[in-house]
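Data block below; observations after.
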Amino acid sequence: MAAEHFCHLRVNQAFCEAVGKTKEDVTNQYHGYIWGLSGEEAEYGEAVCRASELAVAKAGKTCHSEETVYHSKRGLCELSILKTPVYDENHEIIGTVGIARDITKEKEAQKQVLELANSDALTGLHNRHHFYQRLRNRRKGESLTLCYIDLDHFKYINDTYGHKVGDETLVAVANLLRKSFPKAFITRMGGDEFVVALFGVNDRKEIKARMEFVMNAMKEFFKSDERMRTLAMSIGIAKSENEEADLDMLLQQSDEALYWSKEHGRDQYTFYDEILNELQRFKEHVRHERRITEE
């Protein structure tokens with residue numbers, strides 16, 4: 001490719017097969033035409049091609065890069081590219097010679113492996129490991145609300161109808177959570193426990209509306225199957241008061257709010273900050289009882 005005009009001067013047969021054109025058709029043509037692009041796609045492709053050429057020229061040595069190109073018939077393709085500068089007799093760079101390897105399938109395989117590593121095998125939701133990884137790397141300044149969810153009387157389902165029905169229940173619950181929170185980060189923490197992480201949702205009325213929606217959806221679903229009519233859902237909610245809120249502390253607060261929901265009738269949601277005073281009195285009472293016992 002000539003460094004000044006950024007057009008392809010020579011290509012091999014493998015390149016022609018990749019783009020679906022003959023050598024004669026490719027010679028002296030530009031990126032957009034060769035890959036069958038037009039409009040914004042062509043402009044973007046030309047810009048990427050130009051940037052890589054200039055990077056090699058600036059470095060003055062062989063450079064490696066990975067580029068995403070759009071093929072008019074195959075869609076997005078991932079390429080691993082090595083480019084080396086070509087000099088004239090005055091040691092001026094007049095172009096580059098490059099080798100590209102299609103790594104699209106490799107990238108897809110890597111993506112699948114990563115998804116499997118970060119996903120719960122049963123429900124396809126995020127797993128506990130990915131939960132901590134994602135939330136500890138959240139954007140700076142982004143508020144976070146955790147909704148800790150637990151199914152009431154789930155053990156009865158497993159004991160009465162077997163683990164197969166229990167698994168079917170968990171999968172159905174996961175799907176309902178996806179439908180109820182399409183933009184949230186949803187995790188199966190283990191067993192029948194789930195956490196819905198809401199980013200940038202600050203309005204309490206909106207959070208309450210979402211809780212009402214998901215709880216009503218769950219009630220309708222549980223009523224629709226005779227085996228699941230004993231089920232209900234309890235939720236504990238904790239919201240970060242500032243952007244530096246500790247994740248473990250926030251998770252503990254949502255868990256305590258969940259415990260409060262269960263201890264006060266189940267089948268409800270509770271905000272941690274709304275029960276904070278009651279929790280403090282309860283903890284003081286427990287400590288007092290322990291001191292009396294020890295004495």
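Residue numbers start at 1 in each chain; chains themselves are named A, B, ... in the order of the structure tokens; ligands are numbered from 1 in the order shown.
Secondary structure of stretch 116-175 of chain A, strand (DSSP E or B) only (DSSP, backbone atoms): Ser119, His126, Leu144, Thr145, Leu146, Cys147, Tyr148, Ile149, Asp150, Leu151 and Asp152 of chain A.
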Hey, can you spit out that residue selection with N, CA, C and O atoms as an mmCIF file, in the first residue's frame?
data_model
loop_
_atom_site.group_PDB
_atom_site.id
_atom_site.type_symbol
_atom_site.label_atom_id
_atom_site.label_comp_id
_atom_site.auth_asym_id
_atom_site.auth_seq_id
_atom_site.Cartn_x
_atom_site.Cartn_y
_atom_site.Cartn_z
ATOM 1 N N SER A 119 -20.547 -16.620 33.621
ATOM 2 C CA SER A 119 -21.981 -16.882 33.669
ATOM 3 C C SER A 119 -22.319 -18.037 34.594
ATOM 4 O O SER A 119 -21.534 -18.973 34.770
ATOM 5 N N HIS A 126 -25.146 -13.544 35.209
ATOM 6 C CA HIS A 126 -23.770 -13.392 35.681
ATOM 7 C C HIS A 126 -23.580 -14.200 36.958
ATOM 8 O O HIS A 126 -24.523 -14.381 37.732
ATOM 9 N N LEU A 144 -24.985 3.437 42.583
ATOM 10 C CA LEU A 144 -25.251 1.995 42.527
ATOM 11 C C LEU A 144 -26.337 1.630 43.537
ATOM 12 O O LEU A 144 -26.267 2.016 44.707
ATOM 13 N N THR A 145 -27.328 0.891 43.076
ATOM 14 C CA THR A 145 -28.376 0.353 43.948
ATOM 15 C C THR A 145 -28.378 -1.164 43.819
ATOM 16 O O THR A 145 -28.434 -1.691 42.704
ATOM 17 N N LEU A 146 -28.300 -1.850 44.953
ATOM 18 C CA LEU A 146 -28.328 -3.314 44.963
ATOM 19 C C LEU A 146 -29.665 -3.796 45.490
ATOM 20 O O LEU A 146 -30.123 -3.362 46.552
ATOM 21 N N CYS A 147 -30.271 -4.707 44.751
ATOM 22 C CA CYS A 147 -31.530 -5.335 45.152
ATOM 23 C C CYS A 147 -31.254 -6.821 45.380
ATOM 24 O O CYS A 147 -31.081 -7.579 44.420
ATOM 25 N N TYR A 148 -31.188 -7.200 46.651
ATOM 26 C CA TYR A 148 -30.870 -8.588 47.006
ATOM 27 C C TYR A 148 -32.189 -9.362 47.086
ATOM 28 O O TYR A 148 -33.075 -9.017 47.859
ATOM 29 N N ILE A 149 -32.294 -10.417 46.283
ATOM 30 C CA ILE A 149 -33.553 -11.155 46.132
ATOM 31 C C ILE A 149 -33.388 -12.596 46.594
ATOM 32 O O ILE A 149 -32.387 -13.251 46.276
ATOM 33 N N ASP A 150 -34.378 -13.064 47.338
ATOM 34 C CA ASP A 150 -34.381 -14.452 47.783
ATOM 35 C C ASP A 150 -35.797 -15.001 47.628
ATOM 36 O O ASP A 150 -36.779 -14.314 47.911
ATOM 37 N N LEU A 151 -35.901 -16.253 47.174
ATOM 38 C CA LEU A 151 -37.207 -16.884 47.017
ATOM 39 C C LEU A 151 -37.649 -17.493 48.332
ATOM 40 O O LEU A 151 -36.904 -18.249 48.962
ATOM 41 N N ASP A 152 -38.849 -17.157 48.746
ATOM 42 C CA ASP A 152 -39.410 -17.714 49.982
ATOM 43 C C ASP A 152 -39.985 -19.108 49.716
ATOM 44 O O ASP A 152 -40.679 -19.318 48.720
#
Tell me which protein, DNA and RNA residues are within 9 Å of A:Thr123, counting only C-alpha atoms, leaving out same-chain ones fewer than 4 positions away, and put them as a ChimeraX atom specification.
-> /A:119,167,170-175,188
Resulting file, chosen residues, C-alpha atoms, as a PDB file, in the first residue's frame:
ATOM      1  CA  SER A 119     -21.981 -16.882  33.669  1.00  0.00           C
ATOM      2  CA  ASP A 167     -34.025 -25.751  38.405  1.00  0.00           C
ATOM      3  CA  LEU A 170     -34.788 -20.737  38.932  1.00  0.00           C
ATOM      4  CA  VAL A 171     -34.498 -20.460  35.145  1.00  0.00           C
ATOM      5  CA  ALA A 172     -37.990 -18.958  34.918  1.00  0.00           C
ATOM      6  CA  VAL A 173     -37.210 -16.478  37.696  1.00  0.00           C
ATOM      7  CA  ALA A 174     -33.998 -15.478  35.922  1.00  0.00           C
ATOM      8  CA  ASN A 175     -35.926 -14.816  32.707  1.00  0.00           C
ATOM      9  CA  ARG A 188     -27.280 -15.390  40.566  1.00  0.00           C
TER      10      ARG A 188
END
Show me, as CSV, the residues of stretch 252-274 of chain A having an atom within 12 Å of stretch 208-227 of chain A, each with the closest atom pair and its distance in Å, using only C-alpha atoms.
residue,atom,partner,partner_atom,distance
A:Arg266,CA,A:Met215,CA,11.7
A:Asp267,CA,A:Met215,CA,8.1
A:Gln268,CA,A:Met215,CA,7.9
A:Tyr269,CA,A:Met211,CA,7.3
A:Thr270,CA,A:Lys208,CA,9.8
A:Phe271,CA,A:Lys208,CA,9.6
When distances are computed from only C-alpha atoms, which of A:Glu193, A:Glu66, A:Glu263, A:Glu278 shows the smallest separation from A:Arg128?
-> A:Glu193
